[in-house]
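What follows is entry.txt (compact mmCIF, C-alpha atoms).
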```txt
# COMPACT_ATOMS: atom_id res chain seq x y z
CA MET A 34 -133.75 65.21 -75.39
CA GLU A 35 -132.95 61.62 -76.31
CA GLY A 36 -131.01 61.03 -73.12
CA VAL A 37 -132.91 63.19 -70.63
CA GLU A 38 -136.49 62.75 -71.79
CA ASP A 39 -136.13 59.62 -73.94
CA ILE A 40 -137.58 61.37 -77.01
CA PRO A 41 -135.92 59.76 -80.08
CA GLU A 42 -134.15 62.08 -82.50
CA PRO A 43 -136.35 61.02 -85.49
CA VAL A 44 -139.40 62.28 -83.58
CA THR A 45 -138.06 65.80 -83.08
CA THR A 46 -136.64 65.86 -86.61
CA ALA A 47 -139.99 64.91 -88.14
CA SER A 48 -142.16 67.12 -85.93
CA LEU A 49 -140.10 70.34 -85.88
CA ASP A 50 -138.91 72.51 -88.77
CA TRP A 51 -135.83 73.79 -86.94
CA ASN A 52 -136.09 77.05 -88.86
CA TRP A 53 -134.76 79.30 -86.08
CA GLU A 54 -131.43 80.18 -84.49
CA THR A 55 -132.00 82.98 -82.01
CA PHE A 56 -134.54 83.05 -79.21
CA PRO A 57 -136.63 85.77 -80.90
CA GLU A 58 -136.72 83.60 -84.04
CA PHE A 59 -137.82 80.64 -81.92
CA MET A 60 -140.65 82.69 -80.41
CA ASP A 61 -141.78 83.66 -83.91
CA ALA A 62 -141.65 80.02 -85.03
CA ALA A 63 -143.65 78.92 -82.00
CA GLU A 64 -146.28 81.57 -82.65
CA ARG A 65 -146.68 80.44 -86.26
CA ARG A 66 -147.62 76.95 -85.10
CA GLY A 67 -151.23 76.45 -84.13
CA HIS A 68 -151.82 75.88 -80.43
CA ASP A 69 -154.92 75.41 -78.30
CA ILE A 70 -153.38 76.26 -74.92
CA ASP A 71 -151.34 79.11 -73.53
CA TYR A 72 -147.68 78.36 -72.87
CA ALA A 73 -144.67 79.95 -71.26
CA VAL A 74 -141.18 79.52 -72.73
CA MET A 75 -137.98 79.29 -70.70
CA VAL A 76 -134.47 79.90 -72.01
CA PRO A 77 -132.65 76.53 -71.96
CA HIS A 78 -129.34 77.08 -70.17
CA SER A 79 -127.62 74.12 -71.87
CA ALA A 80 -128.50 75.41 -75.34
CA LEU A 81 -127.45 78.94 -74.38
CA ARG A 82 -124.12 77.71 -73.04
CA VAL A 83 -123.34 75.64 -76.13
CA TYR A 84 -124.38 78.49 -78.44
CA VAL A 85 -121.89 80.82 -76.76
CA MET A 86 -119.06 78.41 -75.89
CA GLY A 87 -119.32 75.62 -78.46
CA ASP A 88 -117.49 72.41 -77.56
CA ARG A 89 -116.02 74.06 -74.47
CA ALA A 90 -119.49 73.96 -72.93
CA ILE A 91 -119.82 70.25 -73.61
CA ARG A 92 -116.42 69.70 -72.00
CA HIS A 93 -117.70 71.56 -68.93
CA GLU A 94 -115.05 74.26 -69.10
CA VAL A 95 -115.47 77.36 -66.96
CA ALA A 96 -117.03 80.28 -68.84
CA THR A 97 -114.75 83.25 -69.46
CA ALA A 98 -115.70 86.85 -68.74
CA GLN A 99 -116.47 87.26 -72.44
CA ASP A 100 -118.65 84.15 -72.38
CA LEU A 101 -120.61 85.49 -69.43
CA GLU A 102 -121.20 88.85 -71.09
CA ALA A 103 -122.43 87.10 -74.24
CA MET A 104 -124.80 84.90 -72.23
CA LYS A 105 -126.13 87.90 -70.34
CA ALA A 106 -126.81 89.79 -73.57
CA LEU A 107 -128.65 86.83 -75.08
CA MET A 108 -130.59 86.31 -71.85
CA LYS A 109 -131.74 89.93 -71.87
CA GLU A 110 -132.74 89.65 -75.51
CA ALA A 111 -134.83 86.57 -74.72
CA LEU A 112 -136.55 88.27 -71.78
CA GLU A 113 -137.39 91.27 -73.93
CA VAL A 114 -139.30 89.10 -76.42
CA GLY A 115 -141.25 87.18 -73.80
CA ALA A 116 -139.11 84.49 -72.15
CA ALA A 117 -140.53 83.53 -68.76
CA GLY A 118 -137.03 83.00 -67.38
CA ILE A 119 -134.29 80.40 -67.60
CA GLY A 120 -134.15 76.71 -66.77
CA THR A 121 -130.98 74.87 -65.76
CA SER A 122 -130.08 71.41 -64.51
CA ARG A 123 -127.35 70.21 -62.14
CA ALA A 124 -128.70 66.65 -61.87
CA TYR A 125 -126.22 63.86 -62.55
CA VAL A 126 -129.00 61.69 -63.97
CA HIS A 127 -129.41 64.10 -66.89
CA LYS A 128 -127.12 62.63 -69.53
CA SER A 129 -126.93 62.17 -73.28
CA THR A 130 -127.50 58.74 -74.80
CA SER A 131 -123.72 58.28 -74.80
CA GLY A 132 -123.52 59.02 -71.08
CA GLU A 133 -122.26 62.62 -71.21
CA LEU A 134 -123.55 64.93 -68.49
CA VAL A 135 -125.59 67.91 -69.69
CA PRO A 136 -123.48 71.05 -70.31
CA THR A 137 -124.94 72.83 -67.28
CA TYR A 138 -124.01 70.13 -64.78
CA ASP A 139 -121.97 71.62 -61.92
CA VAL A 140 -121.32 74.95 -63.68
CA ALA A 141 -119.61 77.62 -61.60
CA GLU A 142 -121.87 79.76 -59.43
CA GLU A 143 -120.43 82.83 -61.17
CA GLU A 144 -122.18 81.76 -64.38
CA LEU A 145 -125.50 81.24 -62.64
CA GLN A 146 -125.16 84.61 -60.92
CA ALA A 147 -124.46 86.30 -64.26
CA LEU A 148 -127.73 84.96 -65.65
CA GLY A 149 -129.52 86.07 -62.50
CA GLN A 150 -127.98 89.52 -62.93
CA ALA A 151 -129.37 89.68 -66.47
CA MET A 152 -132.83 89.10 -65.02
CA ARG A 153 -132.23 91.71 -62.33
CA GLU A 154 -131.23 94.30 -64.93
CA SER A 155 -134.26 93.38 -67.05
CA ASP A 156 -136.51 93.31 -63.96
CA ARG A 157 -138.26 90.14 -65.11
CA GLY A 158 -137.92 86.39 -65.26
CA VAL A 159 -137.96 83.30 -63.04
CA PHE A 160 -134.82 81.26 -62.37
CA GLN A 161 -135.72 77.56 -62.48
CA MET A 162 -133.24 74.88 -61.42
CA ILE A 163 -133.14 71.12 -61.15
CA PRO A 164 -130.58 70.69 -58.37
CA ALA A 165 -128.51 67.62 -57.66
CA VAL A 166 -130.80 64.66 -56.99
CA THR A 167 -129.90 64.82 -53.31
CA PHE A 168 -128.86 68.00 -51.55
CA GLU A 169 -128.80 69.02 -47.94
CA PRO A 170 -130.36 72.39 -47.13
CA PRO A 171 -129.16 74.88 -46.24
CA VAL A 172 -125.85 74.00 -47.96
CA GLY A 173 -124.84 72.95 -51.48
CA ASP A 174 -127.24 73.73 -54.31
CA PHE A 175 -129.82 75.11 -51.90
CA GLU A 176 -127.41 77.77 -50.72
CA ILE A 177 -126.45 78.60 -54.31
CA MET A 178 -130.10 79.10 -55.22
CA ARG A 179 -130.62 81.23 -52.14
CA ARG A 180 -127.75 83.51 -53.11
CA ILE A 181 -129.03 83.75 -56.70
CA SER A 182 -132.42 84.90 -55.46
CA GLU A 183 -130.96 87.35 -52.93
CA LYS A 184 -128.57 88.94 -55.44
CA SER A 185 -130.91 88.99 -58.43
CA GLY A 186 -134.11 89.86 -56.58
CA ARG A 187 -135.91 87.30 -58.79
CA ARG A 188 -137.86 84.21 -57.77
CA VAL A 189 -136.00 80.90 -57.86
CA THR A 190 -138.01 77.72 -58.30
CA PHE A 191 -136.54 74.25 -58.04
CA THR A 192 -137.63 70.66 -58.47
CA SER A 193 -137.94 68.66 -55.28
CA ALA A 194 -139.16 65.16 -54.53
CA GLN A 195 -139.69 63.06 -51.46
CA SER A 196 -137.26 60.16 -51.39
CA SER A 197 -137.93 56.75 -49.91
CA ARG A 198 -134.33 56.78 -48.68
CA ALA A 199 -134.97 59.95 -46.67
CA PRO A 200 -138.76 60.27 -46.40
CA TYR A 201 -138.69 63.14 -43.89
CA GLU A 202 -135.98 65.23 -45.52
CA TYR A 203 -138.70 67.47 -46.95
CA ARG A 204 -139.31 68.83 -43.44
CA GLU A 205 -135.76 70.17 -43.35
CA LEU A 206 -136.28 71.62 -46.81
CA MET A 207 -139.47 73.39 -45.80
CA ALA A 208 -137.76 74.82 -42.72
CA ALA A 209 -134.83 76.05 -44.84
CA LEU A 210 -137.25 77.58 -47.36
CA GLY A 211 -139.10 79.39 -44.62
CA ASP A 212 -135.86 80.80 -43.26
CA ALA A 213 -134.66 81.89 -46.70
CA ASN A 214 -137.92 83.60 -47.62
CA SER A 215 -138.11 85.31 -44.24
CA ASN A 216 -134.69 86.83 -44.84
CA GLY A 217 -135.05 88.35 -48.30
CA ALA A 218 -134.99 85.45 -50.74
CA LYS A 219 -137.84 84.44 -53.06
CA MET A 220 -137.75 80.66 -53.38
CA THR A 221 -140.37 78.05 -54.26
CA ALA A 222 -140.07 74.28 -54.23
CA GLN A 223 -141.92 72.47 -57.00
CA MET A 224 -142.99 69.17 -55.49
CA PHE A 225 -143.88 66.10 -57.55
CA PRO A 226 -147.60 65.35 -57.10
CA ARG A 227 -147.11 61.66 -57.80
CA PRO A 228 -144.31 59.05 -57.95
CA ILE A 229 -141.93 59.23 -60.90
CA GLY A 230 -142.10 56.31 -63.30
CA LEU A 231 -139.63 55.24 -65.96
CA MET A 232 -139.02 52.35 -68.29
CA ILE A 233 -135.76 50.48 -67.75
CA GLY A 234 -134.09 48.07 -70.16
CA LEU A 235 -130.59 46.96 -71.10
CA SER A 236 -130.95 48.66 -74.50
CA ALA A 237 -132.95 51.66 -73.23
CA THR A 238 -131.64 55.07 -72.19
CA ALA A 239 -132.39 54.17 -68.58
CA ASN A 240 -130.84 50.82 -67.67
CA PRO A 241 -130.23 49.06 -64.35
CA PHE A 242 -126.70 50.48 -64.21
CA CYS A 243 -127.27 54.08 -65.38
CA MET A 244 -127.00 55.57 -61.87
CA THR A 245 -123.98 53.61 -60.74
CA ALA A 246 -120.43 54.94 -60.67
CA ALA A 247 -118.23 54.25 -63.67
```
Please rewrite the model in this file as C-alpha cells.
Amino acid sequence: MEGVEDIPEPVTTASLDWNWETFPEFMDAAERRGHDIDYAVMVPHSALRVYVMGDRAIRHEVATAQDLEAMKALMKEALEVGAAGIGTSRAYVHKSTSGELVPTYDVAEEELQALGQAMRESDRGVFQMIPAVTFEPPVGDFEIMRRISEKSGRRVTFTSAQSSRAPYEYRELMAALGDANSNGAKMTAQMFPRPIGLMIGLSATANPFCMTAA
C-alpha cells in the first residue's frame, strides 16, 4: 500500500487492528467496525499468493500444483463468506517502495485460470484485473482475460484508460469487447471518468524516473 497507493505504513498501523488472518476473520473484523455505507470486499490476489507461497510469491516463482489447490480452496472459502470476487494486478507501475513489482505481476495464466475455476465451482464472484498499462486487444492480457471469462463463466472487469499517446486506442478496445461478449465471454471495461493525478518528487514514491527502465 505504501508503494502502490502511497499510504504510509504508520497510517495503516495506527488505523487498523490487524486482528485477523483468514478472509472469514477479516470479514468479521470489518463488520465489527462501524460504517455508514455499504461495501463489497474483493480477495486480494497478492495477499493470497504470499499467504500460500511465502517468499516464493515475492520472487515471482511459478505456483506449483499444490499452491494452486491451496489458493483455490482459500478462494472458495472467501466466496462462501461474502467475497465479491478477486482483484489482481499485472501493471508494471505497481511496485513496493523499494521498487519490487507486486507478487501478481506477470503470473502464469494457469494460476489465473485456477482462481477463475474456483469461482466457476462456487458459481459466484467477479474477476477484476488491472492489466499491463498498455495492451493491444485482442492479444496479450486482453486475450488472457477473455479466456478466463470463457472458461470460468464469470464476469471479468478490467481497468482501462484513454492515453494521450494513443487517444483512439479505446475504439479498438470497444470493438474487441463487443466481439468477445458476442461470442460467449462476459467482459466489462472500467473506464476512468477523469484524468489521473499524482504527486511526483525525488523523495516520493512516484519520482520522475519511476517508469524508466533500470
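The spacing separating atom CA of A:Ala111 from atom CA of A:Met220 amounts to 22.3 Å.
With all atoms listed in the file as the basis for measurement, A:Lys128 is the residue among A:Gln99, A:His68, A:Lys128, A:Met108 that approaches A:Met34 most closely.
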Quick one: residues within 7 Å of stretch 188-205 of chain A, all atoms listed in the file counted, chain neighbours fewer than 4 positions away excluded, as a ChimeraX atom specification?
/A:159-164,170,178,182,209,219-225
Would you mind exporting the chosen residues as a tab-separated table (two decimals), in the frame of the given file, restricted to C-alpha atoms?
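Just written: part-v6.tsv:
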```tsv
chain	number	residue	atom	x	y	z
A	159	VAL	CA	-137.96	83.30	-63.04
A	160	PHE	CA	-134.82	81.26	-62.37
A	161	GLN	CA	-135.72	77.56	-62.48
A	162	MET	CA	-133.24	74.88	-61.42
A	163	ILE	CA	-133.14	71.12	-61.15
A	164	PRO	CA	-130.58	70.69	-58.37
A	170	PRO	CA	-130.36	72.39	-47.13
A	178	MET	CA	-130.10	79.10	-55.22
A	182	SER	CA	-132.42	84.90	-55.46
A	209	ALA	CA	-134.83	76.05	-44.84
A	219	LYS	CA	-137.84	84.44	-53.06
A	220	MET	CA	-137.75	80.66	-53.38
A	221	THR	CA	-140.37	78.05	-54.26
A	222	ALA	CA	-140.07	74.28	-54.23
A	223	GLN	CA	-141.92	72.47	-57.00
A	224	MET	CA	-142.99	69.17	-55.49
A	225	PHE	CA	-143.88	66.10	-57.55
```
Min atom-atom distance to A:Phe56 from the set A:Gly217, A:Ile40, A:Met75, A:Leu145, counting only C-alpha atoms, belongs to A:Met75
* Within 12 Å of stretch 41-43 of chain A, counting all atoms listed in the file, which residues show up once you throw out same-chain ones fewer than 4 positions away? Write them as a PyMOL selection string, please. => chain A and resi 34-37+47-49+129-130+237-238
Suppose we keep C-alpha atoms; can you now write the selection as an mmCIF file, keeping the file's coordinate frame?
```cif
data_model
loop_
_atom_site.group_PDB
_atom_site.id
_atom_site.type_symbol
_atom_site.label_atom_id
_atom_site.label_comp_id
_atom_site.auth_asym_id
_atom_site.auth_seq_id
_atom_site.Cartn_x
_atom_site.Cartn_y
_atom_site.Cartn_z
ATOM 1 C CA MET A 34 -133.750 65.210 -75.390
ATOM 2 C CA GLU A 35 -132.950 61.620 -76.310
ATOM 3 C CA GLY A 36 -131.010 61.030 -73.120
ATOM 4 C CA VAL A 37 -132.910 63.190 -70.630
ATOM 5 C CA ALA A 47 -139.990 64.910 -88.140
ATOM 6 C CA SER A 48 -142.160 67.120 -85.930
ATOM 7 C CA LEU A 49 -140.100 70.340 -85.880
ATOM 8 C CA SER A 129 -126.930 62.170 -73.280
ATOM 9 C CA THR A 130 -127.500 58.740 -74.800
ATOM 10 C CA ALA A 237 -132.950 51.660 -73.230
ATOM 11 C CA THR A 238 -131.640 55.070 -72.190
#
```
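Checking A:Pro228, A:Gly120, A:Gly158, A:Gly115 one by one against A:Pro57, counting all atoms listed in the file, you find the shortest gap at A:Gly115.
Interatomic distance, atom CA of A:Ser155 to atom CA of A:Lys109: 6.4 Å.
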Exercise. Any idea what's packed within 9 Å of A:Asp156, counting all atoms listed in the file, ignoring anything in its chain fewer than 6 positions away? Could you give it as JSON, numbers by chain?
Worked result: {"A": [185, 186, 187]}
As a check of understanding: the span from atom CA of A:Val95 to atom CA of A:Phe175 is 20.9 Å
Let me have the centre and edge lengths in Å, one decimal, of the box along x, y and z around every listed atom of stretch 181-187 of chain A with 4 Å of margin on each side, as AutoDock Vina command-line options.
```
--center_x -132.2 --center_y 86.8 --center_z -55.9 --size_x 15.3 --size_y 14.1 --size_z 13.9
```
Exercise. Hey, what's within 12 Å of A:His127 if we count all atoms listed in the file and toss same-chain stuff fewer than 2 positions away? As a VMD selection string, please?
Worked result: chain A and resid 34 to 39 79 121 to 125 129 to 139 163 to 166 238 to 239 243 to 244
Selection file, C-alpha atoms, as an mmCIF file, in the frame of the given file:
```
data_model
loop_
_atom_site.group_PDB
_atom_site.id
_atom_site.type_symbol
_atom_site.label_atom_id
_atom_site.label_comp_id
_atom_site.auth_asym_id
_atom_site.auth_seq_id
_atom_site.Cartn_x
_atom_site.Cartn_y
_atom_site.Cartn_z
ATOM 1 C CA MET A 34 -133.750 65.210 -75.390
ATOM 2 C CA GLU A 35 -132.950 61.620 -76.310
ATOM 3 C CA GLY A 36 -131.010 61.030 -73.120
ATOM 4 C CA VAL A 37 -132.910 63.190 -70.630
ATOM 5 C CA GLU A 38 -136.490 62.750 -71.790
ATOM 6 C CA ASP A 39 -136.130 59.620 -73.940
ATOM 7 C CA SER A 79 -127.620 74.120 -71.870
ATOM 8 C CA THR A 121 -130.980 74.870 -65.760
ATOM 9 C CA SER A 122 -130.080 71.410 -64.510
ATOM 10 C CA ARG A 123 -127.350 70.210 -62.140
ATOM 11 C CA ALA A 124 -128.700 66.650 -61.870
ATOM 12 C CA TYR A 125 -126.220 63.860 -62.550
ATOM 13 C CA SER A 129 -126.930 62.170 -73.280
ATOM 14 C CA THR A 130 -127.500 58.740 -74.800
ATOM 15 C CA SER A 131 -123.720 58.280 -74.800
ATOM 16 C CA GLY A 132 -123.520 59.020 -71.080
ATOM 17 C CA GLU A 133 -122.260 62.620 -71.210
ATOM 18 C CA LEU A 134 -123.550 64.930 -68.490
ATOM 19 C CA VAL A 135 -125.590 67.910 -69.690
ATOM 20 C CA PRO A 136 -123.480 71.050 -70.310
ATOM 21 C CA THR A 137 -124.940 72.830 -67.280
ATOM 22 C CA TYR A 138 -124.010 70.130 -64.780
ATOM 23 C CA ASP A 139 -121.970 71.620 -61.920
ATOM 24 C CA ILE A 163 -133.140 71.120 -61.150
ATOM 25 C CA PRO A 164 -130.580 70.690 -58.370
ATOM 26 C CA ALA A 165 -128.510 67.620 -57.660
ATOM 27 C CA VAL A 166 -130.800 64.660 -56.990
ATOM 28 C CA THR A 238 -131.640 55.070 -72.190
ATOM 29 C CA ALA A 239 -132.390 54.170 -68.580
ATOM 30 C CA CYS A 243 -127.270 54.080 -65.380
ATOM 31 C CA MET A 244 -127.000 55.570 -61.870
#
```
Using all atoms listed in the file, the best pick from A:Met232, A:Val76, A:Val85, A:Ile181 as closest to A:Glu102 would be A:Val85
Nearest to A:Asn216, restricted to all atoms listed in the file and choosing among A:Arg157, A:Arg180, A:Arg82, A:Glu58, comes out as A:Arg180
